[in-house]
Amino acid sequence: MQKKRNFLYVFIILIIVSILLFALSKTSFLDGPKSFVQFVFSPVQSAFFNITHFNQKISQSKDQEIDKTVKIADINKLEGDNKALRDQFETGSEKNPNLIPARIIGEPAFIPGFSYPETFIIDEGKDSGIKEGDAVIYKNIAVGKISKISDFSSVVTLITNSSSSFTAKTMSGSVSGIINGQGGGVIIFDNVLLSENLKIGDLVLTKGDVNTNGIGFPPDLVVGKIKSINKNPSALFQKAEIESPLDFEKLSLVFVLTQ
Amino acid sequence: MKLFLLFLFLLAVVLEISVTTVPFIFLALLFLTILYRNYWVYVMGFFLGLLLDTLGFRSLGLTSTFFLVFMFLVLAYQAKFEIFTLPFIFISSFLGSFLYLRFFVVQGFPLMESLFSSLIAVCFFVLLRKLSNNNFLDLDKRYG
């Protein structure tokens, strides 16, 4: 009976402490100790990540394919800027963003190598000037956004994550729509009007959702190519599946765009 | 031995945050609760939960509360029924993994992931039973 009472006392005390800590964590009171613990464990996380990804690097041919895709998008952007400057309707000038390189130290997937990761953990945080909502890219290709942040590390939610959603357009016809992650590495270009013409193989770029604080995806980042189109005349919109040129599982370094 | 176990647990935490989302810590705590039925398991669950919350960028105290409540329910069940049985291990690990993954890790319906976790738990249970039958563990003395 005494033993049962001891169990109960310990349980109640620990529950109360947990609830207190939960309440305190909603303020910034515990940010310092949390950041310290993350900083201490960061090298261990990095070591685990490197061990599980020692053989997974982007191949030379894949790298060349990525460069080619990005160059096509860049040429398209330059043509647009050139036209805008000649028309004198748009300035085409934006604040120059800063690029902060960040190593991936964690890529949790249920079964690594079989399940698709939905988030990355990177080794840069508030200390480097990163803010929640900043875009994360690799060679001008959209990777994701910073969703959680501490002093020395951050969580990147990938564009394939089911909570990821942003506006996009096609390169050839400037067809607008919304990119929705579906989880499992699947990206859908949704809410496209039935009257619009989508083409398989067409590049999809970000439309730009940068807010007044400079947070969000800038325009003309590569999202991917249209892989298949689902056009049902009885539906309100058509949708397309997008394939990113990046294999997210093979990334070890990304860049955070900060204004 | 205790330091070695602590080291293993810390490694398991890092593994769970950085490499895989299989709830190893939850499964380990479930077995510790069933095997040892001691209050220090609560304390371990509390601190490991805090560590998972810190490294997983969650609000502090969430995972600890989940672990504590689950262990309390397991021990409460143990007061009336036998818990070191295959059906209990399977059901408790499946339900616990499902709730843990749903609340803290996966968006959607983590049915396959929960089944996989409970399979791991069942395999570990079978291994423990075999070790017990070969007298490597004194489980029979502990559970009569």
# chains A, B, ... in the order shown; residues from 1 in each chain; ligands from 1
$ interface_residues --of "chain B" --to "chain A" --cutoff "8 Å" --atoms "only C-alpha atoms" --output "compact mmCIF listing (two decimals) with all heavy atoms, in the first residue's frame"
# COMPACT_ATOMS: atom_id res chain seq x y z
N VAL B 14 18.91 10.72 -29.48
CA VAL B 14 19.48 11.40 -30.66
C VAL B 14 19.04 10.68 -31.93
O VAL B 14 18.68 11.31 -32.93
CB VAL B 14 21.02 11.47 -30.57
CG1 VAL B 14 21.61 12.08 -31.83
CG2 VAL B 14 21.45 12.26 -29.35
N LEU B 15 19.04 9.37 -31.88
CA LEU B 15 18.61 8.56 -33.03
C LEU B 15 17.16 8.88 -33.38
O LEU B 15 16.80 9.05 -34.55
CB LEU B 15 18.71 7.08 -32.64
CG LEU B 15 18.77 6.06 -33.77
CD1 LEU B 15 20.09 6.12 -34.50
CD2 LEU B 15 18.59 4.65 -33.22
N GLU B 16 16.32 8.99 -32.37
CA GLU B 16 14.89 9.21 -32.58
C GLU B 16 14.63 10.60 -33.15
O GLU B 16 13.66 10.81 -33.87
CB GLU B 16 14.13 9.04 -31.26
CG GLU B 16 12.64 8.89 -31.47
CD GLU B 16 11.91 8.58 -30.19
OE1 GLU B 16 12.35 7.67 -29.44
OE2 GLU B 16 10.88 9.23 -29.93
N ILE B 17 15.48 11.56 -32.82
CA ILE B 17 15.25 12.93 -33.30
C ILE B 17 15.86 13.14 -34.68
O ILE B 17 15.30 13.80 -35.53
CB ILE B 17 15.85 13.95 -32.30
CG1 ILE B 17 15.05 13.94 -31.00
CG2 ILE B 17 15.91 15.34 -32.89
CD1 ILE B 17 13.63 14.40 -31.14
N SER B 18 17.05 12.55 -34.91
CA SER B 18 17.82 12.91 -36.12
C SER B 18 17.68 11.92 -37.26
O SER B 18 17.88 12.30 -38.41
CB SER B 18 19.30 13.01 -35.78
OG SER B 18 19.48 13.88 -34.71
N VAL B 19 17.39 10.67 -36.97
CA VAL B 19 17.49 9.65 -38.02
C VAL B 19 16.15 8.98 -38.30
O VAL B 19 15.76 8.84 -39.44
CB VAL B 19 18.54 8.58 -37.62
CG1 VAL B 19 18.61 7.50 -38.67
CG2 VAL B 19 19.90 9.23 -37.41
N THR B 20 15.46 8.59 -37.27
CA THR B 20 14.22 7.84 -37.46
C THR B 20 13.14 8.37 -36.52
O THR B 20 13.45 8.97 -35.50
CB THR B 20 14.44 6.34 -37.20
OG1 THR B 20 13.20 5.67 -37.30
CG2 THR B 20 15.01 6.10 -35.82
N THR B 21 11.89 8.16 -36.89
CA THR B 21 10.80 8.60 -36.01
C THR B 21 10.17 7.42 -35.28
O THR B 21 9.12 7.56 -34.66
CB THR B 21 9.72 9.34 -36.82
OG1 THR B 21 9.29 8.51 -37.89
CG2 THR B 21 10.25 10.66 -37.37
N VAL B 22 10.81 6.24 -35.36
CA VAL B 22 10.32 5.09 -34.59
C VAL B 22 10.42 5.45 -33.10
O VAL B 22 11.46 5.89 -32.64
CB VAL B 22 11.17 3.83 -34.87
CG1 VAL B 22 10.74 2.68 -33.98
CG2 VAL B 22 11.06 3.43 -36.33
N ASN B 38 8.91 0.36 -10.88
CA ASN B 38 9.53 1.12 -9.82
C ASN B 38 9.31 2.60 -10.14
O ASN B 38 9.18 2.99 -11.30
CB ASN B 38 11.02 0.80 -9.77
CG ASN B 38 11.64 1.19 -8.46
OD1 ASN B 38 11.43 2.31 -7.99
ND2 ASN B 38 12.39 0.28 -7.88
N TYR B 39 9.31 3.46 -9.11
CA TYR B 39 9.03 4.87 -9.33
C TYR B 39 10.13 5.56 -10.15
O TYR B 39 9.89 6.59 -10.79
CB TYR B 39 8.83 5.62 -8.01
CG TYR B 39 10.09 5.85 -7.22
CD1 TYR B 39 10.87 6.99 -7.42
CD2 TYR B 39 10.52 4.92 -6.28
CE1 TYR B 39 12.04 7.19 -6.72
CE2 TYR B 39 11.69 5.11 -5.57
CZ TYR B 39 12.44 6.24 -5.80
OH TYR B 39 13.60 6.44 -5.11
N TYR B 42 9.35 6.44 -13.68
CA TYR B 42 8.67 7.72 -13.88
C TYR B 42 9.69 8.83 -14.08
O TYR B 42 9.55 9.67 -14.98
CB TYR B 42 7.84 8.10 -12.64
CG TYR B 42 6.48 7.46 -12.54
CD1 TYR B 42 6.01 7.01 -11.31
CD2 TYR B 42 5.65 7.33 -13.65
CE1 TYR B 42 4.76 6.45 -11.19
CE2 TYR B 42 4.40 6.76 -13.54
CZ TYR B 42 3.96 6.32 -12.31
OH TYR B 42 2.71 5.76 -12.19
N VAL B 43 10.72 8.82 -13.21
CA VAL B 43 11.73 9.89 -13.26
C VAL B 43 12.47 9.83 -14.59
O VAL B 43 12.71 10.86 -15.23
CB VAL B 43 12.71 9.75 -12.07
CG1 VAL B 43 13.78 10.82 -12.14
CG2 VAL B 43 11.96 9.84 -10.75
N PHE B 46 10.28 11.14 -17.32
CA PHE B 46 10.19 12.59 -17.23
C PHE B 46 11.38 13.27 -17.90
O PHE B 46 11.21 14.14 -18.77
CB PHE B 46 10.10 12.99 -15.75
CG PHE B 46 10.16 14.48 -15.51
CD1 PHE B 46 9.09 15.30 -15.81
CD2 PHE B 46 11.30 15.06 -14.98
CE1 PHE B 46 9.14 16.67 -15.59
CE2 PHE B 46 11.37 16.43 -14.76
CZ PHE B 46 10.29 17.23 -15.06
N THR B 54 13.18 19.06 -26.10
CA THR B 54 14.21 20.07 -26.38
C THR B 54 14.81 19.86 -27.76
O THR B 54 14.89 20.77 -28.56
CB THR B 54 15.33 20.01 -25.33
OG1 THR B 54 14.76 20.15 -24.05
CG2 THR B 54 16.36 21.11 -25.55
N LEU B 55 15.22 18.62 -28.03
CA LEU B 55 15.89 18.36 -29.32
C LEU B 55 14.88 18.33 -30.48
O LEU B 55 15.26 18.55 -31.62
CB LEU B 55 16.64 17.03 -29.26
CG LEU B 55 17.81 17.00 -28.27
CD1 LEU B 55 18.46 15.62 -28.26
CD2 LEU B 55 18.85 18.05 -28.58
N PHE B 57 12.32 20.33 -30.76
CA PHE B 57 11.71 21.66 -30.92
C PHE B 57 10.22 21.66 -30.54
O PHE B 57 9.41 22.37 -31.16
CB PHE B 57 11.87 22.17 -32.38
CG PHE B 57 13.28 22.52 -32.75
CD1 PHE B 57 14.17 21.54 -33.12
CD2 PHE B 57 13.71 23.83 -32.71
CE1 PHE B 57 15.48 21.85 -33.45
CE2 PHE B 57 15.02 24.16 -33.06
CZ PHE B 57 15.91 23.16 -33.42
N SER B 59 7.20 22.01 -27.31
CA SER B 59 7.06 22.70 -26.02
C SER B 59 7.49 21.76 -24.91
O SER B 59 7.09 20.60 -24.88
CB SER B 59 5.60 23.10 -25.80
OG SER B 59 5.19 23.99 -26.80
N LEU B 60 8.30 22.27 -24.00
CA LEU B 60 8.81 21.45 -22.89
C LEU B 60 7.66 20.91 -22.06
O LEU B 60 6.72 21.64 -21.77
CB LEU B 60 9.72 22.29 -22.00
CG LEU B 60 11.19 22.41 -22.40
CD1 LEU B 60 11.94 23.17 -21.30
CD2 LEU B 60 11.81 21.05 -22.60
N GLY B 61 7.79 19.67 -21.67
CA GLY B 61 6.80 19.09 -20.77
C GLY B 61 5.74 18.26 -21.47
O GLY B 61 5.06 17.45 -20.84
N LEU B 62 5.61 18.43 -22.79
CA LEU B 62 4.55 17.71 -23.51
C LEU B 62 4.82 16.21 -23.53
O LEU B 62 3.97 15.40 -23.14
CB LEU B 62 4.47 18.22 -24.96
CG LEU B 62 3.58 19.42 -25.23
CD1 LEU B 62 3.62 19.77 -26.70
CD2 LEU B 62 2.14 19.15 -24.81
N SER B 64 6.98 14.53 -21.79
CA SER B 64 7.09 14.02 -20.41
C SER B 64 5.71 13.68 -19.87
O SER B 64 5.51 12.62 -19.28
CB SER B 64 7.71 15.06 -19.48
OG SER B 64 8.94 15.48 -19.95
N THR B 65 4.76 14.59 -20.07
CA THR B 65 3.39 14.37 -19.59
C THR B 65 2.81 13.12 -20.24
O THR B 65 2.19 12.29 -19.56
CB THR B 65 2.51 15.59 -19.90
OG1 THR B 65 3.13 16.76 -19.39
CG2 THR B 65 1.12 15.44 -19.30
N LEU B 68 4.47 10.02 -18.71
CA LEU B 68 4.05 9.81 -17.32
C LEU B 68 2.63 9.25 -17.26
O LEU B 68 2.37 8.29 -16.52
CB LEU B 68 4.11 11.13 -16.54
CG LEU B 68 5.52 11.63 -16.18
CD1 LEU B 68 5.46 13.05 -15.67
CD2 LEU B 68 6.16 10.72 -15.14
N PHE B 72 1.62 5.54 -15.95
CA PHE B 72 0.67 5.46 -14.84
C PHE B 72 -0.48 4.51 -15.18
O PHE B 72 -0.90 3.68 -14.37
CB PHE B 72 0.14 6.85 -14.52
CG PHE B 72 -0.84 6.89 -13.39
CD1 PHE B 72 -0.42 6.84 -12.08
CD2 PHE B 72 -2.21 6.96 -13.63
CE1 PHE B 72 -1.32 6.87 -11.03
CE2 PHE B 72 -3.11 6.98 -12.59
CZ PHE B 72 -2.67 6.94 -11.30
N GLN B 107 1.86 13.90 -39.28
CA GLN B 107 0.55 14.48 -39.56
C GLN B 107 -0.24 13.43 -40.32
O GLN B 107 0.24 12.86 -41.28
CB GLN B 107 0.72 15.73 -40.41
CG GLN B 107 1.33 16.86 -39.61
CD GLN B 107 1.41 18.14 -40.40
OE1 GLN B 107 1.25 18.13 -41.61
NE2 GLN B 107 1.64 19.23 -39.74
N GLU B 113 2.99 2.91 -39.21
CA GLU B 113 4.10 3.17 -38.30
C GLU B 113 3.84 2.57 -36.92
O GLU B 113 4.73 2.01 -36.29
CB GLU B 113 4.34 4.69 -38.18
CG GLU B 113 4.88 5.36 -39.45
CD GLU B 113 3.79 5.81 -40.39
OE1 GLU B 113 2.63 5.35 -40.23
OE2 GLU B 113 4.08 6.63 -41.28
$ select_by_dssp --residues "range 17-83 of chain B" --states "helix (DSSP H, G or I)" --output "MDAnalysis selection string"
chainID B and resid 17:18 24:36 39:55 62:78
$ closest_residue --among "B:Phe109, B:Phe94, B:Trp40, B:Phe9" --to "Ala28 in chain B" --atoms "only C-alpha atoms"
B:Phe9
$ select_by_dssp --residues "range 20-175 of chain A" --states "strand (DSSP E)" --output "count of residues only"
37
$ residues_around --residues "Leu115 in chain B" --least-positions-apart "5" --cutoff "9 Å" --atoms "only C-alpha atoms" --output "PyMOL selection string"
chain B and resi 90+93-94+97-98+110+120
$ atom_distance --atom1 "CA of Tyr116 in chain A" --atom2 "CA of Thr160 in chain A"
9.2 Å
$ residues_around --residues "Val223 in chain A" --least-positions-apart "6" --cutoff "12 Å" --atoms "only C-alpha atoms" --output "MDAnalysis selection string"
chainID A and resid 66 69:70 73 136:144 158:160 165:171 178:181 186:189 202:208 217 241:246
$ write_last_selection --atoms "C-alpha atoms" --output "short mmCIF file (atom, residue, chain, number, x, y, z; two decimals), in the first residue's frame"
data_model
loop_
_atom_site.label_atom_id
_atom_site.label_comp_id
_atom_site.auth_asym_id
_atom_site.auth_seq_id
_atom_site.Cartn_x
_atom_site.Cartn_y
_atom_site.Cartn_z
CA ILE A 66 19.98 20.36 -61.51
CA THR A 69 17.11 23.18 -64.76
CA VAL A 70 18.20 26.20 -62.72
CA ALA A 73 14.71 29.24 -64.96
CA VAL A 136 15.56 27.46 -47.64
CA ILE A 137 17.01 26.70 -51.07
CA TYR A 138 19.65 24.67 -52.84
CA LYS A 139 21.01 26.11 -56.08
CA ASN A 140 17.92 28.31 -56.56
CA ILE A 141 15.61 25.34 -56.04
CA ALA A 142 13.01 25.61 -53.28
CA VAL A 143 13.68 23.18 -50.45
CA GLY A 144 11.40 24.44 -47.69
CA LEU A 158 10.15 20.63 -46.75
CA ILE A 159 7.92 21.65 -49.65
CA THR A 160 6.79 17.99 -49.78
CA SER A 165 1.56 25.44 -49.17
CA PHE A 166 2.56 28.43 -51.31
CA THR A 167 1.69 30.14 -54.59
CA ALA A 168 3.43 29.15 -57.81
CA LYS A 169 3.30 29.64 -61.57
CA THR A 170 4.43 27.76 -64.65
CA MET A 171 7.38 29.09 -66.58
CA ILE A 178 -0.92 26.62 -55.32
CA ILE A 179 1.76 24.13 -54.44
CA ASN A 180 0.57 21.71 -51.74
CA GLY A 181 2.83 19.12 -50.22
CA VAL A 186 4.70 14.13 -53.40
CA ILE A 187 4.09 17.74 -54.52
CA ILE A 188 0.80 18.81 -56.13
CA PHE A 189 0.23 21.96 -58.18
CA ASP A 202 6.94 22.48 -67.93
CA LEU A 203 8.87 24.09 -65.09
CA VAL A 204 6.94 25.37 -62.07
CA LEU A 205 8.41 28.35 -60.23
CA THR A 206 7.48 30.13 -57.01
CA LYS A 207 5.29 33.17 -57.51
CA GLY A 208 6.68 34.92 -54.46
CA PHE A 217 9.68 32.41 -50.83
CA GLU A 241 1.96 16.34 -59.84
CA ILE A 242 5.33 18.06 -59.66
CA GLU A 243 8.70 16.37 -59.50
CA SER A 244 11.48 18.33 -57.84
CA PRO A 245 14.90 18.10 -59.52
CA LEU A 246 16.33 17.60 -56.02
#
$ residues_around --residues "Ile25 in chain B" --least-positions-apart "5" --cutoff "10 Å" --atoms "only C-alpha atoms" --output "PyMOL selection string"
chain B and resi 9-10+12-13+15-16+30-31+45+48-49+52+67
$ atom_distance --atom1 "CA of Gly214 in chain A" --atom2 "CA of Ile75 in chain A"
24.2 Å
$ closest_residue --among "B:Ile83, B:Leu75, B:Leu5, B:Leu11" --to "Phe125 in chain B" --atoms "only C-alpha atoms"
B:Ile83
